[in-house]
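Everything on this sheet refers to the single structure shown next.
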Amino acid sequence: MVKQPRVIRVIIDHLPYSELMPNALRRTFWTVRSEMTKVARQEAYLLGLEQTPESPFKYCAIEGIFTVPDKRRRDLESLLAASKAFIDGLVDAGIIEDDNWQHVLRLSGSVVYQKGVAQTEIIITEVKND
């Protein structure tokens, strides 16, 4: 019998903070960016605590699904980069062992349009790397 991989879904009720977007580096003062990073990390940590597995995923794939409320142009890579603090919070919560390249074997994302809805869904799937 094939064992199904463990999967954890964390839904954050907004898109990543604009202050954490890579293009905001030049226009956002570092203290504001630092504070927003702490807020995002803490937010994901608290949501992740509700789903913390018995043991953290040693190897995983992470998928970010960004639901946007309008059809404005958005850069997927910027949304993924701005989600770094969310992923760090999930490491803090004990869902993922670490978020470096040796543990996160795949990072992907997609943008979905749903009128009036803004959210970030992070799906962590355990991957066997024997």
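Residues in the structure tokens are numbered from 1 in each chain, the chains being A, B, ... in the order shown, and ligands are numbered from 1 in the order shown.
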
(request) For segment 99-114 of chain A, list every protein, DNA or RNA residue within 7 Å, evaluated using only C-alpha atoms, and leave out those in the same chain fewer than 6 positions away; present the list as JSON, numbers by chain. (result) {"A": [58, 59, 60, 61, 62, 63, 64, 65, 66, 67, 68, 69, 70, 71, 76, 80, 91]}

(message) If we count only C-alpha atoms and set the cut-off at 10 Å, which residues sit around Met36 of chain A, ignoring sequence neighbours fewer than 3 positions away in its own chain? Please answer as JSON, numbers by chain.
(response) {"A": [16, 17, 18, 19, 20, 30, 31, 32, 33, 39, 40, 41, 42, 85]}

(message) When DSSP is applied to the backbone of this structure, which of chain A are assigned helix (DSSP H, G or I)? Write them out as a ChimeraX atom specification.
(response) /A:18-20,22-26,30-49,76-82,84-92

Please produce a file of the residues just selected, as an mmCIF file, in the first residue's frame, where the atoms kept are C-alpha atoms.
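Okay, this is what ended up in part-v2.cif:
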```cif
data_model
loop_
_atom_site.group_PDB
_atom_site.id
_atom_site.type_symbol
_atom_site.label_atom_id
_atom_site.label_comp_id
_atom_site.auth_asym_id
_atom_site.auth_seq_id
_atom_site.Cartn_x
_atom_site.Cartn_y
_atom_site.Cartn_z
ATOM 1 C CA SER A 18 3.109 45.411 -0.283
ATOM 2 C CA GLU A 19 5.987 46.609 1.913
ATOM 3 C CA LEU A 20 7.575 43.162 1.502
ATOM 4 C CA PRO A 22 11.005 43.304 -3.834
ATOM 5 C CA ASN A 23 10.209 46.527 -5.716
ATOM 6 C CA ALA A 24 9.322 48.214 -2.416
ATOM 7 C CA LEU A 25 12.934 47.934 -1.228
ATOM 8 C CA ARG A 26 13.806 51.335 -2.661
ATOM 9 C CA TRP A 30 13.946 49.589 6.593
ATOM 10 C CA THR A 31 12.176 49.878 9.969
ATOM 11 C CA VAL A 32 8.759 49.684 8.279
ATOM 12 C CA ARG A 33 9.865 46.675 6.242
ATOM 13 C CA SER A 34 11.279 45.008 9.362
ATOM 14 C CA GLU A 35 8.043 45.536 11.290
ATOM 15 C CA MET A 36 5.922 44.147 8.443
ATOM 16 C CA THR A 37 8.209 41.108 8.222
ATOM 17 C CA LYS A 38 7.660 40.450 11.935
ATOM 18 C CA VAL A 39 3.891 40.838 11.566
ATOM 19 C CA ALA A 40 3.709 38.449 8.586
ATOM 20 C CA ARG A 41 5.986 35.895 10.256
ATOM 21 C CA GLN A 42 3.965 35.964 13.487
ATOM 22 C CA GLU A 43 0.693 35.706 11.585
ATOM 23 C CA ALA A 44 1.814 32.566 9.707
ATOM 24 C CA TYR A 45 3.308 31.133 12.905
ATOM 25 C CA LEU A 46 -0.011 31.411 14.755
ATOM 26 C CA LEU A 47 -1.970 29.919 11.839
ATOM 27 C CA GLY A 48 0.627 27.160 11.502
ATOM 28 C CA LEU A 49 0.435 26.209 15.182
ATOM 29 C CA LEU A 76 4.091 36.056 -9.426
ATOM 30 C CA GLU A 77 7.770 36.085 -8.464
ATOM 31 C CA SER A 78 7.248 39.217 -6.349
ATOM 32 C CA LEU A 79 4.304 37.599 -4.564
ATOM 33 C CA LEU A 80 6.436 34.518 -3.832
ATOM 34 C CA ALA A 81 9.332 36.663 -2.592
ATOM 35 C CA ALA A 82 7.007 38.706 -0.373
ATOM 36 C CA LYS A 84 9.162 34.599 2.564
ATOM 37 C CA ALA A 85 8.101 35.844 6.006
ATOM 38 C CA PHE A 86 5.023 33.585 5.878
ATOM 39 C CA ILE A 87 7.240 30.577 5.141
ATOM 40 C CA ASP A 88 9.616 31.561 7.951
ATOM 41 C CA GLY A 89 6.629 31.610 10.311
ATOM 42 C CA LEU A 90 5.730 28.060 9.264
ATOM 43 C CA VAL A 91 9.291 26.974 10.056
ATOM 44 C CA ASP A 92 8.918 28.633 13.473
#
```

(request) Write out as a ChimeraX atom specification all residues of chain A that backbone DSSP assigns to strand (DSSP E or B). (result) /A:7-12,57,60-68,96,104-113,119-126

(request) Pick out the closest residue to Val127 of chain A from this set: A:Asp98, A:Arg73, A:Ile12, A:Phe57. Count only C-alpha atoms. (result)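 Closest candidate: A:Phe57.
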
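Closest approach to Pro56 of chain A among A:Ile95, A:Ile123, A:Val117, A:Gln4: A:Ile95, based on only C-alpha atoms.
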
(request) Work out how far apart atom CA of Asp75 of chain A and atom CA of Glu97 of chain A are and give it in Å to one decimal. (result)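 Result for atom CA of Asp75 of chain A versus atom CA of Glu97 of chain A: 28.2 Å, one decimal.
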
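We find atom CA of Gly94 of chain A and atom CA of Ala118 of chain A to be spaced 26.1 Å apart.
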
(request) Would you please work out which residue, of A:Arg74, A:Pro5, A:Ser83, A:Glu50, is nearest to Ile124 of chain A when using only C-alpha atoms? (result)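 So, comparing all the options, the nearest one is A:Pro5.
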